[in-house]
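Colleague: Contents of coords30.cif (mmCIF, C-alpha atoms) are given next:
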```cif
data_run
#
loop_
_atom_site.label_atom_id
_atom_site.label_comp_id
_atom_site.auth_asym_id
_atom_site.auth_seq_id
_atom_site.Cartn_x
_atom_site.Cartn_y
_atom_site.Cartn_z
CA MET A 1 -119.06 -203.82 152.75
CA ARG A 2 -117.84 -206.15 155.49
CA ALA A 3 -115.77 -208.21 153.03
CA ALA A 4 -113.93 -205.07 151.91
CA ARG A 5 -113.34 -204.12 155.55
CA LEU A 6 -111.94 -207.58 156.38
CA ILE A 7 -109.56 -207.39 153.43
CA LYS A 8 -108.42 -203.95 154.53
CA MET A 9 -107.85 -205.25 158.07
CA VAL A 10 -105.63 -208.05 156.76
CA LEU A 11 -103.67 -205.59 154.61
CA LEU A 12 -103.21 -203.25 157.56
CA LEU A 13 -101.88 -206.05 159.75
CA GLN A 14 -99.66 -207.27 156.93
CA SER A 15 -98.11 -203.83 156.48
CA ARG A 16 -97.27 -203.35 160.18
CA PRO A 17 -95.83 -205.57 162.94
CA ALA A 18 -98.92 -205.10 165.15
CA MET A 19 -101.85 -202.75 165.72
CA THR A 20 -104.02 -202.07 168.73
CA ALA A 21 -107.79 -202.38 168.57
CA ALA A 22 -108.05 -198.60 168.83
CA GLU A 23 -105.69 -198.08 165.88
CA LEU A 24 -107.59 -200.58 163.74
CA ALA A 25 -110.92 -199.04 164.71
CA ARG A 26 -109.66 -195.62 163.66
CA GLU A 27 -108.32 -196.87 160.32
CA LEU A 28 -111.43 -198.92 159.55
CA GLU A 29 -113.85 -196.29 160.90
CA VAL A 30 -115.66 -198.80 163.14
CA SER A 31 -115.88 -199.50 166.87
CA GLU A 32 -113.33 -201.56 168.79
CA ARG A 33 -116.06 -204.17 169.38
CA THR A 34 -116.45 -204.51 165.61
CA VAL A 35 -112.68 -204.94 165.30
CA THR A 36 -112.86 -207.81 167.80
CA ARG A 37 -115.66 -209.49 165.84
CA ASP A 38 -113.83 -209.01 162.54
CA ALA A 39 -110.63 -210.49 163.95
CA GLN A 40 -112.57 -213.52 165.13
CA ALA A 41 -114.19 -213.89 161.71
CA LEU A 42 -110.78 -213.80 160.02
CA SER A 43 -109.43 -216.39 162.42
CA GLU A 44 -112.37 -218.69 161.72
CA ALA A 45 -111.73 -218.25 158.00
CA GLY A 46 -108.15 -219.48 158.41
CA VAL A 47 -106.31 -216.14 158.55
CA PRO A 48 -103.86 -216.41 161.47
CA VAL A 49 -104.79 -213.25 163.38
CA TYR A 50 -103.37 -213.37 166.90
CA ALA A 51 -104.51 -211.11 169.74
CA ASP A 52 -101.99 -210.09 172.41
CA ARG A 53 -103.70 -209.32 175.70
CA GLY A 54 -102.86 -206.52 178.11
CA ARG A 55 -102.22 -202.77 177.89
CA ALA A 56 -99.44 -203.19 175.33
CA GLY A 57 -101.38 -205.81 173.39
CA GLY A 58 -102.91 -205.70 169.96
CA TYR A 59 -103.47 -207.72 166.83
CA ARG A 60 -100.86 -209.21 164.51
CA LEU A 61 -100.46 -211.86 161.85
CA ILE A 62 -98.39 -214.90 162.79
CA GLY A 63 -96.42 -217.48 160.87
CA GLY A 64 -95.26 -215.06 158.17
CA TYR A 65 -98.76 -215.02 156.68
CA ARG A 66 -99.11 -212.90 153.53
CA THR A 67 -102.23 -212.35 151.48
CA ARG A 68 -102.09 -211.99 147.73
CA LEU A 69 -105.05 -209.62 147.66
CA THR A 70 -102.78 -206.71 146.72
CA GLY A 71 -103.67 -206.19 143.05
CA LEU A 72 -104.45 -202.57 142.28
CA ALA A 73 -107.74 -201.66 140.65
CA ARG A 74 -107.40 -199.17 137.80
CA SER A 75 -108.87 -196.31 139.83
CA GLU A 76 -106.48 -197.09 142.70
CA ALA A 77 -103.46 -197.18 140.39
CA GLU A 78 -104.40 -193.84 138.82
CA ALA A 79 -105.04 -192.27 142.21
CA LEU A 80 -101.68 -193.53 143.50
CA PHE A 81 -99.86 -191.26 141.06
CA LEU A 82 -101.66 -188.29 142.64
CA SER A 83 -101.00 -189.29 146.24
CA GLY A 84 -98.66 -186.32 146.72
CA VAL A 85 -101.63 -183.97 146.31
CA PRO A 86 -103.97 -185.07 149.13
CA GLY A 87 -106.17 -181.99 149.01
CA ALA A 88 -106.78 -182.39 145.28
CA LEU A 89 -107.59 -186.09 145.72
CA ARG A 90 -110.12 -185.26 148.40
CA GLU A 91 -111.80 -182.59 146.27
CA MET A 92 -112.03 -184.92 143.25
CA GLY A 93 -113.57 -187.71 145.35
CA LEU A 94 -110.55 -190.02 144.95
CA GLU A 95 -109.31 -190.08 148.55
CA ASP A 96 -110.63 -193.59 149.29
CA ALA A 97 -109.11 -195.04 146.12
CA ALA A 98 -105.73 -193.50 146.91
CA SER A 99 -105.85 -194.76 150.50
CA ALA A 100 -106.61 -198.29 149.30
CA ALA A 101 -103.80 -198.12 146.74
CA ARG A 102 -101.23 -196.94 149.27
CA LEU A 103 -102.30 -199.69 151.66
CA LYS A 104 -101.91 -202.39 149.00
CA VAL A 105 -98.48 -201.11 148.03
CA SER A 106 -97.40 -201.04 151.68
CA ALA A 107 -98.65 -204.60 152.19
CA ALA A 108 -96.69 -205.82 149.16
CA LEU A 109 -93.39 -204.25 150.26
CA LEU A 110 -90.69 -205.95 152.23
CA PRO A 111 -90.90 -205.21 155.98
CA SER A 112 -87.76 -203.06 155.78
CA LEU A 113 -89.43 -200.77 153.21
CA ARG A 114 -92.88 -200.38 154.71
CA ASP A 115 -92.16 -197.02 156.28
CA ALA A 116 -91.27 -195.56 152.87
CA SER A 117 -94.64 -193.86 152.43
CA ARG A 118 -94.45 -192.22 155.85
CA THR A 119 -90.86 -191.03 155.42
CA ALA A 120 -91.64 -189.64 151.95
CA ALA A 121 -94.72 -187.83 153.25
CA GLN A 122 -92.59 -186.18 155.95
CA ARG A 123 -90.16 -184.91 153.32
CA PHE A 124 -92.46 -183.57 150.61
CA HIS A 125 -95.82 -181.84 150.75
CA LEU A 126 -97.58 -179.84 148.04
CA ASP A 127 -99.75 -176.92 149.18
CA ALA A 128 -101.32 -175.63 145.96
CA PRO A 129 -103.48 -172.62 146.97
CA ASN A 130 -102.13 -169.09 147.32
CA TRP A 131 -101.34 -167.62 150.71
CA PHE A 132 -104.19 -165.98 152.62
CA THR A 133 -106.88 -167.73 150.59
CA GLN A 134 -109.27 -170.51 151.52
CA PRO A 135 -110.42 -171.92 148.19
CA LYS A 136 -113.66 -173.86 148.08
CA ALA A 137 -113.84 -176.92 145.86
CA PRO A 138 -116.54 -176.57 143.17
CA GLU A 139 -119.58 -178.73 143.89
CA LEU A 140 -119.48 -180.24 140.40
CA LEU A 141 -115.78 -181.13 140.53
CA PRO A 142 -116.27 -184.83 141.47
CA ALA A 143 -118.68 -185.30 138.55
CA VAL A 144 -116.24 -183.68 136.12
CA ALA A 145 -113.33 -185.67 137.57
CA GLU A 146 -115.21 -188.94 137.16
CA ALA A 147 -115.90 -188.11 133.52
CA VAL A 148 -112.22 -187.26 132.98
CA TRP A 149 -111.09 -190.62 134.41
CA ASP A 150 -113.66 -192.57 132.36
CA ASP A 151 -113.25 -190.58 129.08
CA ARG A 152 -116.99 -189.84 129.09
CA LEU A 153 -118.68 -187.06 127.17
CA ILE A 154 -120.37 -184.45 129.33
CA THR A 155 -123.03 -181.86 128.68
CA ALA A 156 -122.18 -178.80 130.76
CA ARG A 157 -123.97 -175.53 131.39
CA TYR A 158 -121.46 -172.73 131.83
CA LEU A 159 -121.66 -169.08 132.89
CA SER A 160 -119.80 -167.09 130.25
CA ARG A 161 -119.39 -163.32 130.27
CA GLU A 162 -122.49 -162.83 128.15
CA ALA A 163 -124.89 -165.55 129.32
CA GLU A 164 -125.31 -169.13 130.41
CA VAL A 165 -124.41 -171.50 127.57
CA GLU A 166 -124.54 -175.25 127.07
CA ARG A 167 -121.65 -177.22 125.60
CA GLU A 168 -120.99 -180.86 124.82
CA LEU A 169 -117.43 -181.46 125.96
CA GLU A 170 -114.78 -184.14 125.81
CA PRO A 171 -113.05 -183.57 129.19
CA TYR A 172 -109.37 -184.41 128.67
CA GLY A 173 -107.78 -183.25 131.91
CA LEU A 174 -108.02 -181.28 135.15
CA VAL A 175 -105.68 -178.51 136.30
CA LEU A 176 -105.46 -177.00 139.77
CA LYS A 177 -103.94 -173.52 139.48
CA ALA A 178 -103.53 -171.36 142.59
CA GLY A 179 -106.50 -173.00 144.26
CA VAL A 180 -108.78 -172.77 141.19
CA TRP A 181 -109.89 -175.89 139.28
CA TYR A 182 -109.99 -175.91 135.47
CA VAL A 183 -110.95 -178.57 132.93
CA CYS A 184 -109.20 -178.75 129.57
CA ALA A 185 -111.74 -180.09 127.09
CA ARG A 186 -112.37 -180.49 123.41
CA VAL A 187 -115.61 -178.84 122.30
CA ALA A 188 -117.30 -181.43 120.13
CA ARG A 189 -119.15 -178.88 117.99
CA HIS A 190 -116.04 -176.80 117.17
CA ASP A 191 -113.41 -179.57 117.33
CA SER A 192 -111.16 -177.28 119.35
CA PHE A 193 -109.61 -177.45 122.80
CA ARG A 194 -110.63 -174.89 125.41
CA VAL A 195 -110.19 -174.25 129.13
CA TYR A 196 -113.14 -173.84 131.52
CA ARG A 197 -113.26 -172.82 135.16
CA ILE A 198 -115.21 -175.55 136.92
CA ASP A 199 -116.68 -173.16 139.49
CA ARG A 200 -118.57 -171.52 136.61
CA PHE A 201 -120.36 -174.74 135.70
CA THR A 202 -123.99 -174.67 136.81
CA ALA A 203 -124.82 -178.22 135.68
CA VAL A 204 -122.92 -181.27 134.44
CA GLU A 205 -124.43 -184.42 132.98
CA ALA A 206 -122.17 -187.32 132.04
CA SER A 207 -123.10 -189.40 129.02
CA GLU A 208 -122.93 -193.16 128.76
CA ASP A 209 -120.86 -192.62 125.62
CA ARG A 210 -117.08 -192.47 125.75
CA PHE A 211 -114.93 -190.35 123.49
CA VAL A 212 -111.72 -191.46 121.77
CA ARG A 213 -108.74 -189.57 123.09
CA ASP A 214 -106.26 -187.88 120.82
CA GLU A 215 -103.11 -189.70 121.92
CA GLU A 216 -100.97 -186.73 120.88
CA PHE A 217 -102.69 -184.41 123.35
CA ASP A 218 -100.23 -183.34 126.06
CA LEU A 219 -101.96 -181.82 129.08
CA PRO A 220 -98.91 -180.09 130.68
CA GLY A 221 -97.80 -178.65 127.33
CA PHE A 222 -101.32 -177.52 126.42
CA TRP A 223 -101.81 -175.83 129.79
CA GLU A 224 -98.45 -174.05 129.65
CA GLU A 225 -99.25 -172.66 126.18
CA ARG A 226 -102.77 -171.53 127.11
CA ALA A 227 -101.66 -170.01 130.41
CA GLU A 228 -99.04 -167.93 128.61
CA GLN A 229 -101.59 -166.86 125.98
CA PHE A 230 -104.05 -165.86 128.70
CA ALA A 231 -101.45 -163.87 130.62
CA ARG A 232 -100.50 -161.94 127.50
CA SER A 233 -104.09 -161.44 126.33
CA ILE A 234 -105.08 -159.47 129.42
CA LEU A 235 -102.09 -157.09 129.17
CA ARG A 236 -103.82 -154.52 126.96
CA ALA A 237 -102.24 -151.29 128.23
CA GLU A 238 -98.74 -149.90 128.73
CA VAL A 239 -97.11 -147.76 131.39
CA VAL A 240 -93.68 -146.14 131.47
CA VAL A 241 -91.86 -146.16 134.80
CA ARG A 242 -88.46 -145.31 136.29
CA LEU A 243 -87.17 -147.93 138.68
CA SER A 244 -84.43 -147.90 141.28
CA ALA A 245 -82.19 -150.96 141.51
CA ALA A 246 -84.40 -152.26 144.33
CA GLY A 247 -87.51 -151.53 142.28
CA ALA A 248 -86.12 -153.46 139.31
CA ARG A 249 -85.43 -156.47 141.54
CA ARG A 250 -88.94 -156.38 143.01
CA LEU A 251 -90.84 -155.68 139.78
CA PRO A 252 -91.33 -159.38 138.79
CA TYR A 253 -93.00 -159.96 142.16
CA ALA A 254 -95.40 -157.03 141.71
CA VAL A 255 -96.62 -157.62 138.14
CA ASP A 256 -96.71 -160.49 135.62
CA PRO A 257 -93.22 -162.03 136.02
CA SER A 258 -92.53 -162.89 132.37
CA SER A 259 -93.68 -159.45 131.17
CA ALA A 260 -91.55 -157.77 133.83
CA ARG A 261 -88.44 -159.72 132.85
CA GLU A 262 -88.95 -158.95 129.15
CA ALA A 263 -89.47 -155.25 129.89
CA LEU A 264 -86.35 -155.08 132.05
CA ALA A 265 -84.31 -156.87 129.39
CA ALA A 266 -85.47 -154.36 126.75
CA ALA A 267 -84.64 -151.32 128.93
CA GLY A 268 -81.60 -149.23 128.17
CA ALA A 269 -78.78 -148.35 130.51
CA PRO A 270 -79.56 -146.76 133.91
CA ASP A 271 -79.65 -142.96 134.02
CA GLU A 272 -77.33 -140.79 136.11
CA ASP A 273 -79.40 -141.58 139.20
CA GLY A 274 -79.05 -145.31 138.60
CA ARG A 275 -82.69 -145.70 137.58
CA LEU A 276 -84.03 -147.71 134.65
CA THR A 277 -86.77 -146.40 132.37
CA VAL A 278 -89.04 -149.33 131.52
CA THR A 279 -92.09 -149.68 129.26
CA LEU A 280 -94.31 -152.25 130.92
CA PRO A 281 -97.44 -154.01 129.57
CA VAL A 282 -100.25 -154.07 132.15
CA GLU A 283 -103.85 -155.22 132.35
CA SER A 284 -105.28 -151.75 132.95
CA GLU A 285 -104.46 -148.46 134.61
CA GLU A 286 -106.48 -149.47 137.66
CA VAL A 287 -104.61 -152.75 138.04
CA ALA A 288 -101.24 -151.07 137.41
CA HIS A 289 -101.99 -148.55 140.16
CA THR A 290 -102.65 -151.35 142.64
CA GLN A 291 -99.63 -153.42 141.60
CA LEU A 292 -97.04 -150.63 141.36
CA ALA A 293 -98.13 -148.98 144.60
CA GLY A 294 -96.50 -151.89 146.40
CA LEU A 295 -93.08 -150.71 145.16
CA GLY A 296 -93.43 -147.40 147.02
CA PRO A 297 -90.63 -144.89 146.34
CA GLU A 298 -88.70 -147.46 144.26
CA VAL A 299 -90.91 -146.63 141.24
CA GLU A 300 -91.82 -143.36 139.50
CA VAL A 301 -94.63 -143.43 136.95
CA LEU A 302 -93.85 -141.33 133.87
CA ALA A 303 -96.81 -142.24 131.66
CA PRO A 304 -99.70 -142.20 131.09
CA PRO A 305 -100.33 -138.79 132.70
CA SER A 306 -103.54 -140.01 134.35
CA LEU A 307 -101.69 -142.78 136.19
CA ARG A 308 -98.91 -140.38 137.22
CA ALA A 309 -101.62 -138.07 138.59
CA ARG A 310 -102.93 -140.94 140.74
CA PHE A 311 -99.51 -141.52 142.26
CA THR A 312 -99.03 -137.76 142.76
CA ASP A 313 -102.30 -137.70 144.68
CA ASP A 314 -101.17 -140.73 146.72
CA ALA A 315 -97.91 -138.98 147.61
CA ILE A 316 -99.72 -135.82 148.72
CA ARG A 317 -102.16 -137.77 150.89
CA LEU A 318 -99.32 -139.79 152.43
CA GLY A 319 -97.42 -136.60 153.20
CA ARG A 320 -100.45 -135.17 154.99
CA LEU A 321 -101.05 -138.45 156.81
CA TYR A 322 -97.50 -138.62 158.14
CA GLY A 323 -97.20 -134.90 158.77
CA THR A 324 -94.29 -134.06 156.43
#
```
Would you write the structure of this file as structure tokens?
Modeller:
Amino acid sequence: MRAARLIKMVLLLQSRPAMTAAELARELEVSERTVTRDAQALSEAGVPVYADRGRAGGYRLIGGYRTRLTGLARSEAEALFLSGVPGALREMGLEDAASAARLKVSAALLPSLRDASRTAAQRFHLDAPNWFTQPKAPELLPAVAEAVWDDRLITARYLSREAEVERELEPYGLVLKAGVWYVCARVARHDSFRVYRIDRFTAVEASEDRFVRDEEFDLPGFWEERAEQFARSILRAEVVVRLSAAGARRLPYAVDPSSAREALAAAGAPDEDGRLTVTLPVESEEVAHTQLAGLGPEVEVLAPPSLRARFTDDAIRLGRLYGT
């Protein structure tokens, strides 16, 4: 534990001109007194740590000293490629590995390039969850993530629509979609790839056995294909609507975007009022009512009659509410 902390202290001082005791204590998560003792231990071991006294003082390395302890461990190298997604790293339990990797890279860079990580972080940030949501990381996510990194078989208990089932899975990859974590895995018994929501796992046990990856498996391509299949599979109903020009522009933001664009492309010419008649696939009448209501007077529902009746009732109630 202390040896790792001493190495980190050297790397920190190597990556910056100087650091105060308070800054080092914060980075190392120890007291300033411990920083003083560690600096003395490094000096006694031959590492030229110099302490500047006074209010503007601090610790620095002298004589152009550079350590060669900058080799990345495998976990650190893998985590480094995810360093633009800090929230995801934290939820998967890889934050410490990524921090160590960034520190080693910074220590190995020329002094003129050592602020690269800070300047990049100030120019790009990924915020994955949807607006107005506070997603909670699944408790079993770190266990699943560890199995993914190590190519280990897992036995998972999963809440399906019918009941709780148990599956032996080869976890190939993780996907974070709109704040929800999924694992793409091959089901050993069926020899097929499937997608599971990790927050529906009730238990996960990693095996000592590793599986052999299919090198042709492409996680981004697989996810894109399955996501499109899922989006289309839930669109089991159809509605017919008339849209104003404004309604046509806003439709892809109210319903499934790809379905909206296809429906608009298949529509004929606008009528004499400038409105388009569109046949739109939807998940259900209930969902369509919620989604299309956001378009207000820019949409008129023509079919099915039951959905039109809902909007007629909405219009009557709004008229009474606003006194027209």
Colleague: Could you check how far CA of Val204 in chain A sits from CA of Arg157 in chain A, in Å to one decimal?
Modeller: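 Computing it gives 6.6 Å between the two atoms.
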Colleague: My list of candidates is A:Arg232, A:His289, A:Arg37, A:Arg53. Which is closest to Arg310 in chain A when distances are computed with only C-alpha atoms?
Modeller: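 Using only C-alpha atoms, Arg310 in chain A sits closest to A:His289.
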Colleague: List as a tab-separated table (two decimals) with C-alpha atoms, keeping the file's coordinate frame the residues having at least one atom at most 9 Å from position (-116.8, -181.3, 137.6) as given in the file, counting only C-alpha atoms.
Modeller:
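Listing of point-v7.tsv after writing:
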```tsv
chain	number	residue	atom	x	y	z
A	92	MET	CA	-112.03	-184.92	143.25
A	138	PRO	CA	-116.54	-176.57	143.17
A	139	GLU	CA	-119.58	-178.73	143.89
A	140	LEU	CA	-119.48	-180.24	140.40
A	141	LEU	CA	-115.78	-181.13	140.53
A	142	PRO	CA	-116.27	-184.83	141.47
A	143	ALA	CA	-118.68	-185.30	138.55
A	144	VAL	CA	-116.24	-183.68	136.12
A	145	ALA	CA	-113.33	-185.67	137.57
A	146	GLU	CA	-115.21	-188.94	137.16
A	147	ALA	CA	-115.90	-188.11	133.52
A	148	VAL	CA	-112.22	-187.26	132.98
A	181	TRP	CA	-109.89	-175.89	139.28
A	182	TYR	CA	-109.99	-175.91	135.47
A	183	VAL	CA	-110.95	-178.57	132.93
A	198	ILE	CA	-115.21	-175.55	136.92
A	199	ASP	CA	-116.68	-173.16	139.49
A	201	PHE	CA	-120.36	-174.74	135.70
A	203	ALA	CA	-124.82	-178.22	135.68
A	204	VAL	CA	-122.92	-181.27	134.44
```
Colleague: I'd like the interatomic distance between CA of Arg26 in chain A and CA of Gln14 in chain A, to a tenth of an Å.
Modeller: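 The value is 16.8 Å.
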Colleague: Of the candidates A:Thr277, A:Lys177, A:Arg213, A:Leu243, which shows the shortest atom-to-atom distance to Arg197 in chain A, using all atoms listed in the file?
Modeller: A:Lys177
Colleague: Between A:Ala22, A:Leu28, A:Val35, A:Leu264, which residue has the minimum interatomic distance to Gly57 in chain A, considering all atoms listed in the file?
Modeller: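 Nearest candidate to Gly57 in chain A out of A:Ala22, A:Leu28, A:Val35, A:Leu264: A:Ala22.
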Colleague: Using all atoms listed in the file, which of A:Ala248, A:Glu283, A:Phe193, A:Leu169 sits nearest Ala267 in chain A?
Modeller: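 Smallest separation from Ala267 in chain A among the options: A:Ala248.
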Colleague: What residues come out when you apply the PyMOL selection byres ((chain A and resi 311-317) around 12) to this file, written as a JSON list (two decimals) with C-alpha atoms, in the coordinates of the input?
Modeller:
```json
[["chain", "number", "residue", "atom", "x", "y", "z"],
["A", 241, "VAL", "CA", -91.86, -146.16, 134.80],
["A", 285, "GLU", "CA", -104.46, -148.46, 134.61],
["A", 286, "GLU", "CA", -106.48, -149.47, 137.66],
["A", 288, "ALA", "CA", -101.24, -151.07, 137.41],
["A", 289, "HIS", "CA", -101.99, -148.55, 140.16],
["A", 290, "THR", "CA", -102.65, -151.35, 142.64],
["A", 291, "GLN", "CA", -99.63, -153.42, 141.60],
["A", 292, "LEU", "CA", -97.04, -150.63, 141.36],
["A", 293, "ALA", "CA", -98.13, -148.98, 144.60],
["A", 294, "GLY", "CA", -96.50, -151.89, 146.40],
["A", 295, "LEU", "CA", -93.08, -150.71, 145.16],
["A", 296, "GLY", "CA", -93.43, -147.40, 147.02],
["A", 297, "PRO", "CA", -90.63, -144.89, 146.34],
["A", 299, "VAL", "CA", -90.91, -146.63, 141.24],
["A", 300, "GLU", "CA", -91.82, -143.36, 139.50],
["A", 301, "VAL", "CA", -94.63, -143.43, 136.95],
["A", 302, "LEU", "CA", -93.85, -141.33, 133.87],
["A", 303, "ALA", "CA", -96.81, -142.24, 131.66],
["A", 304, "PRO", "CA", -99.70, -142.20, 131.09],
["A", 305, "PRO", "CA", -100.33, -138.79, 132.70],
["A", 306, "SER", "CA", -103.54, -140.01, 134.35],
["A", 307, "LEU", "CA", -101.69, -142.78, 136.19],
["A", 308, "ARG", "CA", -98.91, -140.38, 137.22],
["A", 309, "ALA", "CA", -101.62, -138.07, 138.59],
["A", 310, "ARG", "CA", -102.93, -140.94, 140.74],
["A", 318, "LEU", "CA", -99.32, -139.79, 152.43],
["A", 319, "GLY", "CA", -97.42, -136.60, 153.20],
["A", 320, "ARG", "CA", -100.45, -135.17, 154.99],
["A", 321, "LEU", "CA", -101.05, -138.45, 156.81],
["A", 322, "TYR", "CA", -97.50, -138.62, 158.14],
["A", 323, "GLY", "CA", -97.20, -134.90, 158.77],
["A", 324, "THR", "CA", -94.29, -134.06, 156.43]]
```
Colleague: Measure the distance from CA of Ser259 in chain A to CA of Leu280 in chain A in Å and round it to one decimal.
Modeller: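 That distance, rounded to one decimal, is 7.2 Å.
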Colleague: Write out as a VMD selection string the residues lying within 10 Å of Ala260 in chain A, counting all atoms listed in the file and excluding same-chain residues fewer than 2 positions away.
Modeller: chain A and resid 248 to 258 262 to 266 278 to 282
Colleague: Under the PyMOL selection byres ((chain A and resi 274) around 10), which residues of this model are included? Write them out as a PyMOL selection string.
Modeller: chain A and resi 242-245+269-273+275-277
Colleague: Compile the contact shell of Arg33 in chain A as a list in words: residues with an atom at most 12 Å away, counting only C-alpha atoms, same-chain residues fewer than 6 positions apart removed.
Modeller: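 With the cut-off at 12 Å, the set is Ala21, Ala22, Leu24, Ala25, Ala39 and Gln40 of chain A.
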Colleague: Of the residues A:Glu228, A:Ala156, A:Tyr50, A:Val212, which is the one nearest to Tyr196 in chain A, using only C-alpha atoms?
Modeller: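 The closest residue to Tyr196 in chain A is A:Ala156.
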Colleague: My structure is short of atoms at range 42-62 of chain A; please model N, CA and C atoms there, returning them as a PDB file, keeping the file's coordinate frame.
Modeller:
```
ATOM      1  N   LEU A  42    -111.966-213.481 160.830  1.00  0.00           N
ATOM      2  CA  LEU A  42    -110.780-213.800 160.020  1.00  0.00           C
ATOM      3  C   LEU A  42    -110.121-215.070 160.518  1.00  0.00           C
ATOM      4  N   SER A  43    -110.034-215.197 161.838  1.00  0.00           N
ATOM      5  CA  SER A  43    -109.430-216.390 162.420  1.00  0.00           C
ATOM      6  C   SER A  43    -110.205-217.638 162.041  1.00  0.00           C
ATOM      7  N   GLU A  44    -111.532-217.548 162.087  1.00  0.00           N
ATOM      8  CA  GLU A  44    -112.370-218.690 161.720  1.00  0.00           C
ATOM      9  C   GLU A  44    -112.251-219.020 160.243  1.00  0.00           C
ATOM     10  N   ALA A  45    -111.891-218.032 159.435  1.00  0.00           N
ATOM     11  CA  ALA A  45    -111.730-218.250 158.000  1.00  0.00           C
ATOM     12  C   ALA A  45    -110.343-218.762 157.645  1.00  0.00           C
ATOM     13  N   GLY A  46    -109.472-218.929 158.656  1.00  0.00           N
ATOM     14  CA  GLY A  46    -108.150-219.480 158.410  1.00  0.00           C
ATOM     15  C   GLY A  46    -107.038-218.459 158.329  1.00  0.00           C
ATOM     16  N   VAL A  47    -107.358-217.162 158.534  1.00  0.00           N
ATOM     17  CA  VAL A  47    -106.310-216.140 158.550  1.00  0.00           C
ATOM     18  C   VAL A  47    -105.742-216.081 159.959  1.00  0.00           C
ATOM     19  N   PRO A  48    -104.435-216.306 160.125  1.00  0.00           N
ATOM     20  CA  PRO A  48    -103.860-216.410 161.470  1.00  0.00           C
ATOM     21  C   PRO A  48    -103.702-215.069 162.172  1.00  0.00           C
ATOM     22  N   VAL A  49    -104.816-214.498 162.609  1.00  0.00           N
ATOM     23  CA  VAL A  49    -104.790-213.250 163.380  1.00  0.00           C
ATOM     24  C   VAL A  49    -104.638-213.612 164.847  1.00  0.00           C
ATOM     25  N   TYR A  50    -103.630-213.049 165.498  1.00  0.00           N
ATOM     26  CA  TYR A  50    -103.370-213.370 166.900  1.00  0.00           C
ATOM     27  C   TYR A  50    -103.572-212.100 167.731  1.00  0.00           C
ATOM     28  N   ALA A  51    -104.252-212.245 168.862  1.00  0.00           N
ATOM     29  CA  ALA A  51    -104.510-211.110 169.740  1.00  0.00           C
ATOM     30  C   ALA A  51    -103.632-211.203 170.975  1.00  0.00           C
ATOM     31  N   ASP A  52    -102.796-210.184 171.191  1.00  0.00           N
ATOM     32  CA  ASP A  52    -101.990-210.090 172.410  1.00  0.00           C
ATOM     33  C   ASP A  52    -102.815-209.355 173.461  1.00  0.00           C
ATOM     34  N   ARG A  53    -102.927-209.924 174.620  1.00  0.00           N
ATOM     35  CA  ARG A  53    -103.700-209.320 175.700  1.00  0.00           C
ATOM     36  C   ARG A  53    -102.875-208.291 176.457  1.00  0.00           C
ATOM     37  N   GLY A  54    -103.545-207.480 177.259  1.00  0.00           N
ATOM     38  CA  GLY A  54    -102.860-206.520 178.110  1.00  0.00           C
ATOM     39  C   GLY A  54    -102.806-205.134 177.507  1.00  0.00           C
ATOM     40  N   ARG A  55    -102.259-204.176 178.297  1.00  0.00           N
ATOM     41  CA  ARG A  55    -102.220-202.770 177.890  1.00  0.00           C
ATOM     42  C   ARG A  55    -101.384-202.567 176.633  1.00  0.00           C
ATOM     43  N   ALA A  56    -100.310-203.339 176.490  1.00  0.00           N
ATOM     44  CA  ALA A  56     -99.440-203.190 175.330  1.00  0.00           C
ATOM     45  C   ALA A  56     -99.809-204.161 174.209  1.00  0.00           C
ATOM     46  N   GLY A  57    -100.967-204.793 174.348  1.00  0.00           N
ATOM     47  CA  GLY A  57    -101.380-205.810 173.390  1.00  0.00           C
ATOM     48  C   GLY A  57    -101.928-205.221 172.107  1.00  0.00           C
ATOM     49  N   GLY A  58    -102.361-206.128 171.240  1.00  0.00           N
ATOM     50  CA  GLY A  58    -102.910-205.700 169.960  1.00  0.00           C
ATOM     51  C   GLY A  58    -103.101-206.911 169.070  1.00  0.00           C
ATOM     52  N   TYR A  59    -103.249-206.654 167.801  1.00  0.00           N
ATOM     53  CA  TYR A  59    -103.470-207.720 166.830  1.00  0.00           C
ATOM     54  C   TYR A  59    -102.275-207.795 165.881  1.00  0.00           C
ATOM     55  N   ARG A  60    -101.928-209.012 165.479  1.00  0.00           N
ATOM     56  CA  ARG A  60    -100.860-209.210 164.510  1.00  0.00           C
ATOM     57  C   ARG A  60    -101.099-210.510 163.765  1.00  0.00           C
ATOM     58  N   LEU A  61    -100.425-210.619 162.620  1.00  0.00           N
ATOM     59  CA  LEU A  61    -100.460-211.860 161.850  1.00  0.00           C
ATOM     60  C   LEU A  61     -99.274-212.716 162.252  1.00  0.00           C
ATOM     61  N   ILE A  62     -99.472-214.010 162.364  1.00  0.00           N
ATOM     62  CA  ILE A  62     -98.390-214.900 162.790  1.00  0.00           C
ATOM     63  C   ILE A  62     -98.027-215.855 161.661  1.00  0.00           C
TER      64      ILE A  62
END
```
